[in-house]
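Taking it in order: structure first as structure tokens, then the write-up.
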Amino acid sequence: DLVGGVALATAYALFAGWGVPAQRTVSMLALVVALRLSGRRWPWGATWLAAMVVAVVLDPWALLQPGFWLSFVAVAVLFGQGGAAWQPTGLGQRLRHAVMGLLRVQAVITVALAPLTLLLFGQVSVIGLLANLIAIPWVTWALTPVALAGVAVAPLWDAAAWLAQALLAVLRWLAAWPMAVWERPAPPLPLAVAACAG
């Protein structure tokens with residue numbers, strides 16, 4: 001089952017273009033599966049660092065891509081949060097717990113990536129949290145499954161295109177809001193590194 005999961009994730013990542021986020025996902029998944037099959041457990045920091053090394057070995061130029069750093073810092077933040085100790089029992093509690101967990105994760109990642117985004121782009125998206133809360137479930141639960149199903153049933157690609165256009169329309173509307181982006185000169189590198197570490 002574990003090896004099949006890695007194979008399926010690799011096939012999907014290749015189908016999606018083998019970008020840095022896909023490389024990161026497959027390398028981390030493969031590393032965790034290899035460790036589990038060997039009976040070992042590494043601390044999350046070692047797993048994260050090893051996945052970063054694998055991604056750099058596969059594509060050394062990735063170090064120059066903002067997506068590489070944003071992607072790996074976001075994963076480090078997710079790892080650093082750990083798992084929830086309390087598990088809800090009822091359906092209402094589980095739903096509320098899932099929604100609050102999604103809000104918390106997105107808020108933490110938004111704040112954590114703000115210094116890095118400011119360093120790399122000279123701006124921070126103020127509406128990024130809201131945009132992600134809309135885009136991530138839309139892409140995960142609607143757009144991606146329909147687009148993948150289009151491989152077998154070609155007319156579904158039209159539906160996937162419509163889903164993508166609808167999402168882009170919403171994101172453009174959000175981007176047009178006043179003060180949607182906060183622009184500032186990039187901070188000095190030592191200050192930015194300290195902010196990212198914080």
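Numbering starts fresh at 1 for the residues of each chain in the structure tokens, the chains themselves are lettered A, B, ... in the order given, and ligands are numbered from 1 as they appear.
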
Can you pull out every residue within 10 Å of Thr110 in chain A, counting only C-alpha atoms, but drop anything in the same chain fewer than 6 positions away, and send it as a PyMOL selection string?
chain A and resi 74+104+117+124-129+132

Pull the alpha helix (DSSP H) assignments for range 107-172 of chain A out of DSSP run on the backbone, and list those residues as a ChimeraX atom specification.
/A:107-121,128-138,144-149,156-172

Produce a file of the selected residues containing N, CA and C atoms, as a short mmCIF file (atom, residue, chain, number, x, y, z; two decimals), in the first residue's frame.
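Listed below is the output, out00.cif:
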data_model
loop_
_atom_site.label_atom_id
_atom_site.label_comp_id
_atom_site.auth_asym_id
_atom_site.auth_seq_id
_atom_site.Cartn_x
_atom_site.Cartn_y
_atom_site.Cartn_z
N ALA A 107 -3.81 30.57 8.51
CA ALA A 107 -3.36 31.79 9.19
C ALA A 107 -1.89 31.71 9.56
N VAL A 108 -1.48 30.55 10.11
CA VAL A 108 -0.08 30.39 10.52
C VAL A 108 0.84 30.45 9.30
N ILE A 109 0.47 29.78 8.21
CA ILE A 109 1.31 29.80 7.02
C ILE A 109 1.37 31.20 6.42
N THR A 110 0.25 31.91 6.42
CA THR A 110 0.23 33.27 5.88
C THR A 110 1.20 34.17 6.64
N VAL A 111 1.14 34.11 7.96
CA VAL A 111 2.03 34.93 8.78
C VAL A 111 3.48 34.48 8.63
N ALA A 112 3.70 33.17 8.61
CA ALA A 112 5.06 32.64 8.53
C ALA A 112 5.74 32.98 7.20
N LEU A 113 4.97 32.99 6.11
CA LEU A 113 5.56 33.27 4.80
C LEU A 113 5.66 34.76 4.49
N ALA A 114 5.03 35.61 5.31
CA ALA A 114 5.03 37.05 5.02
C ALA A 114 6.45 37.64 4.90
N PRO A 115 7.38 37.36 5.84
CA PRO A 115 8.73 37.95 5.69
C PRO A 115 9.44 37.46 4.43
N LEU A 116 9.29 36.16 4.12
CA LEU A 116 9.94 35.61 2.94
C LEU A 116 9.33 36.19 1.66
N THR A 117 8.01 36.33 1.64
CA THR A 117 7.33 36.92 0.48
C THR A 117 7.77 38.36 0.29
N LEU A 118 7.89 39.10 1.38
CA LEU A 118 8.36 40.49 1.30
C LEU A 118 9.78 40.55 0.76
N LEU A 119 10.64 39.63 1.21
CA LEU A 119 12.03 39.59 0.73
C LEU A 119 12.10 39.26 -0.76
N LEU A 120 11.31 38.27 -1.19
CA LEU A 120 11.40 37.79 -2.57
C LEU A 120 10.67 38.68 -3.57
N PHE A 121 9.55 39.27 -3.15
CA PHE A 121 8.71 39.99 -4.10
C PHE A 121 8.48 41.47 -3.75
N GLY A 128 -4.41 37.13 0.87
CA GLY A 128 -3.93 35.79 0.59
C GLY A 128 -4.62 34.71 1.41
N LEU A 129 -4.88 35.00 2.68
CA LEU A 129 -5.55 34.03 3.54
C LEU A 129 -6.94 33.69 3.00
N LEU A 130 -7.71 34.71 2.67
CA LEU A 130 -9.05 34.48 2.13
C LEU A 130 -8.98 33.78 0.78
N ALA A 131 -8.04 34.21 -0.08
CA ALA A 131 -7.89 33.59 -1.40
C ALA A 131 -7.56 32.10 -1.27
N ASN A 132 -6.67 31.76 -0.33
CA ASN A 132 -6.30 30.35 -0.13
C ASN A 132 -7.47 29.54 0.42
N LEU A 133 -8.25 30.15 1.30
CA LEU A 133 -9.40 29.44 1.86
C LEU A 133 -10.43 29.10 0.79
N ILE A 134 -10.45 29.89 -0.28
CA ILE A 134 -11.35 29.61 -1.40
C ILE A 134 -10.67 28.66 -2.40
N ALA A 135 -9.43 28.99 -2.77
CA ALA A 135 -8.76 28.28 -3.87
C ALA A 135 -8.35 26.86 -3.52
N ILE A 136 -7.85 26.63 -2.32
CA ILE A 136 -7.33 25.29 -1.99
C ILE A 136 -8.43 24.23 -2.01
N PRO A 137 -9.56 24.44 -1.33
CA PRO A 137 -10.62 23.41 -1.44
C PRO A 137 -11.17 23.30 -2.87
N TRP A 138 -11.28 24.43 -3.56
CA TRP A 138 -11.82 24.42 -4.93
C TRP A 138 -10.94 23.58 -5.86
N THR A 144 -9.16 19.63 -9.64
CA THR A 144 -8.23 18.53 -9.91
C THR A 144 -8.93 17.21 -10.22
N PRO A 145 -9.91 16.78 -9.43
CA PRO A 145 -10.57 15.51 -9.79
C PRO A 145 -11.26 15.54 -11.16
N VAL A 146 -11.90 16.67 -11.47
CA VAL A 146 -12.58 16.76 -12.77
C VAL A 146 -11.55 16.75 -13.91
N ALA A 147 -10.44 17.49 -13.74
CA ALA A 147 -9.40 17.53 -14.78
C ALA A 147 -8.78 16.14 -14.98
N LEU A 148 -8.52 15.42 -13.88
CA LEU A 148 -7.95 14.08 -14.00
C LEU A 148 -8.95 13.12 -14.65
N ALA A 149 -10.22 13.26 -14.31
CA ALA A 149 -11.24 12.41 -14.93
C ALA A 149 -11.34 12.69 -16.43
N LEU A 156 -15.05 16.23 -19.91
CA LEU A 156 -14.88 16.77 -18.56
C LEU A 156 -13.81 17.86 -18.52
N TRP A 157 -12.92 17.89 -19.52
CA TRP A 157 -11.94 18.97 -19.56
C TRP A 157 -12.61 20.32 -19.76
N ASP A 158 -13.73 20.34 -20.47
CA ASP A 158 -14.48 21.58 -20.60
C ASP A 158 -15.02 22.02 -19.23
N ALA A 159 -15.50 21.05 -18.46
CA ALA A 159 -15.98 21.37 -17.11
C ALA A 159 -14.83 21.86 -16.24
N ALA A 160 -13.65 21.21 -16.38
CA ALA A 160 -12.49 21.64 -15.60
C ALA A 160 -12.08 23.05 -15.99
N ALA A 161 -12.14 23.36 -17.29
CA ALA A 161 -11.81 24.72 -17.75
C ALA A 161 -12.78 25.73 -17.16
N TRP A 162 -14.07 25.36 -17.11
CA TRP A 162 -15.05 26.27 -16.53
C TRP A 162 -14.76 26.48 -15.04
N LEU A 163 -14.41 25.41 -14.31
CA LEU A 163 -14.06 25.53 -12.89
C LEU A 163 -12.85 26.43 -12.69
N ALA A 164 -11.86 26.29 -13.58
CA ALA A 164 -10.66 27.13 -13.48
C ALA A 164 -11.00 28.59 -13.75
N GLN A 165 -11.83 28.84 -14.77
CA GLN A 165 -12.22 30.22 -15.10
C GLN A 165 -13.03 30.85 -13.96
N ALA A 166 -13.90 30.06 -13.34
CA ALA A 166 -14.69 30.58 -12.22
C ALA A 166 -13.78 30.96 -11.06
N LEU A 167 -12.80 30.11 -10.76
CA LEU A 167 -11.86 30.41 -9.69
C LEU A 167 -11.05 31.66 -10.01
N LEU A 168 -10.57 31.77 -11.25
CA LEU A 168 -9.79 32.96 -11.64
C LEU A 168 -10.63 34.22 -11.53
N ALA A 169 -11.90 34.14 -11.86
CA ALA A 169 -12.77 35.31 -11.75
C ALA A 169 -12.89 35.76 -10.30
N VAL A 170 -13.04 34.80 -9.39
CA VAL A 170 -13.13 35.14 -7.97
C VAL A 170 -11.81 35.73 -7.48
N LEU A 171 -10.69 35.13 -7.89
CA LEU A 171 -9.38 35.63 -7.45
C LEU A 171 -9.08 37.01 -8.01
N ARG A 172 -9.50 37.26 -9.26
CA ARG A 172 -9.32 38.62 -9.83
C ARG A 172 -10.15 39.63 -9.06
#

Nearest to Val77 in chain A by atom-to-atom distance, counting only C-alpha atoms, from A:Leu8, A:Val57, A:Val193, A:Val105:
A:Val105

Just give me the gap between CA of Trp69 in chain A and CA of Gln23 in chain A in Å, one decimal is fine.
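Between CA of Trp69 in chain A and CA of Gln23 in chain A the gap is 12.9 Å.
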
If we count only C-alpha atoms, what is near Val75 in chain A at a cut-off of 12 Å, once residues fewer than 3 positions away on the same chain are taken out, given as a PyMOL selection string?
chain A and resi 21+24-25+28+44-45+47-49+51-52+68-72+78-82+105-106+108-109+112-113

Requested write-out: N, CA and C atoms of the selected residues, as a tab-separated table (two decimals), in the first residue's frame:
chain	number	residue	atom	x	y	z
A	21	PRO	N	6.87	22.07	-6.01
A	21	PRO	CA	5.96	21.50	-4.99
A	21	PRO	C	5.72	20.01	-5.19
A	24	ARG	N	8.83	18.15	-4.06
A	24	ARG	CA	8.88	18.16	-2.60
A	24	ARG	C	7.94	17.11	-2.03
A	25	THR	N	6.73	17.06	-2.55
A	25	THR	CA	5.74	16.13	-2.05
A	25	THR	C	6.18	14.68	-2.26
A	28	MET	N	9.35	13.79	-0.08
A	28	MET	CA	9.02	13.61	1.34
A	28	MET	C	8.23	12.33	1.55
A	44	TRP	N	11.13	15.30	12.42
A	44	TRP	CA	10.59	15.95	11.22
A	44	TRP	C	11.62	16.84	10.55
A	45	GLY	N	12.49	17.48	11.32
A	45	GLY	CA	13.49	18.38	10.73
A	45	GLY	C	14.45	17.64	9.82
A	47	THR	N	13.79	14.77	8.24
A	47	THR	CA	13.01	14.37	7.06
A	47	THR	C	12.86	15.53	6.09
A	48	TRP	N	12.55	16.69	6.63
A	48	TRP	CA	12.37	17.91	5.83
A	48	TRP	C	13.67	18.27	5.10
A	49	LEU	N	14.78	18.24	5.83
A	49	LEU	CA	16.07	18.58	5.24
A	49	LEU	C	16.47	17.57	4.17
A	51	ALA	N	14.45	15.78	2.31
A	51	ALA	CA	13.61	16.02	1.14
A	51	ALA	C	14.11	17.24	0.35
A	52	MET	N	14.59	18.24	1.07
A	52	MET	CA	15.14	19.43	0.40
A	52	MET	C	16.39	19.05	-0.40
A	68	PHE	N	10.54	27.34	-4.56
A	68	PHE	CA	11.27	26.35	-3.78
A	68	PHE	C	11.27	26.74	-2.31
A	69	TRP	N	11.65	27.99	-2.04
A	69	TRP	CA	11.76	28.44	-0.65
A	69	TRP	C	10.39	28.58	0.01
A	70	LEU	N	9.42	29.12	-0.73
A	70	LEU	CA	8.07	29.25	-0.17
A	70	LEU	C	7.49	27.87	0.15
A	71	SER	N	7.71	26.95	-0.76
A	71	SER	CA	7.19	25.60	-0.60
A	71	SER	C	7.79	24.91	0.63
A	72	PHE	N	9.10	24.93	0.75
A	72	PHE	CA	9.74	24.22	1.85
A	72	PHE	C	9.51	24.91	3.19
A	78	LEU	N	4.14	23.60	8.66
A	78	LEU	CA	3.15	22.54	8.89
A	78	LEU	C	3.70	21.46	9.81
A	79	PHE	N	4.95	21.04	9.55
A	79	PHE	CA	5.59	20.05	10.42
A	79	PHE	C	5.71	20.57	11.85
A	80	GLY	N	6.10	21.84	11.96
A	80	GLY	CA	6.33	22.43	13.27
A	80	GLY	C	5.09	22.56	14.12
A	81	GLN	N	3.92	22.59	13.48
A	81	GLN	CA	2.68	22.72	14.25
A	81	GLN	C	2.33	21.43	14.98
A	82	GLY	N	2.77	20.30	14.44
A	82	GLY	CA	2.46	19.02	15.07
A	82	GLY	C	1.01	18.65	14.87
A	105	VAL	N	-4.29	26.63	10.22
A	105	VAL	CA	-3.14	26.30	9.37
A	105	VAL	C	-2.89	27.42	8.36
A	106	GLN	N	-3.96	27.88	7.70
A	106	GLN	CA	-3.79	28.94	6.70
A	106	GLN	C	-3.30	30.24	7.33
A	108	VAL	N	-1.48	30.55	10.11
A	108	VAL	CA	-0.08	30.39	10.52
A	108	VAL	C	0.84	30.45	9.30
A	109	ILE	N	0.47	29.78	8.21
A	109	ILE	CA	1.31	29.80	7.02
A	109	ILE	C	1.37	31.20	6.42
A	112	ALA	N	3.70	33.17	8.61
A	112	ALA	CA	5.06	32.64	8.53
A	112	ALA	C	5.74	32.98	7.20
A	113	LEU	N	4.97	32.99	6.11
A	113	LEU	CA	5.56	33.27	4.80
A	113	LEU	C	5.66	34.76	4.49

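Of note, CA of His97 in chain A and CA of Trp141 in chain A are spaced 18.8 Å apart.
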
When distances are computed from only C-alpha atoms, which of A:Ala197, A:Ala180, A:Val153, A:Val20 shows the smallest separation from Gln65 in chain A?
A:Val20

State, in Å with one decimal place, the distance from CA of Gly5 in chain A to CA of Ala154 in chain A.
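Between these atoms lies a distance of 25.5 Å.
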
Polymer residues at most 10 Å from Thr10 in chain A, only C-alpha atoms, same-chain spacing of 2 or more positions, as a list in words:
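Near neighbours after the sequence-gap exclusion: Gly4, Gly5, Val6, Ala7, Leu8, Tyr12, Ala13, Leu14, Phe15, Ala16, Trp18, Ala22, Gln23, Thr25, Val26, Ser27, Leu29 and Ala30 of chain A.
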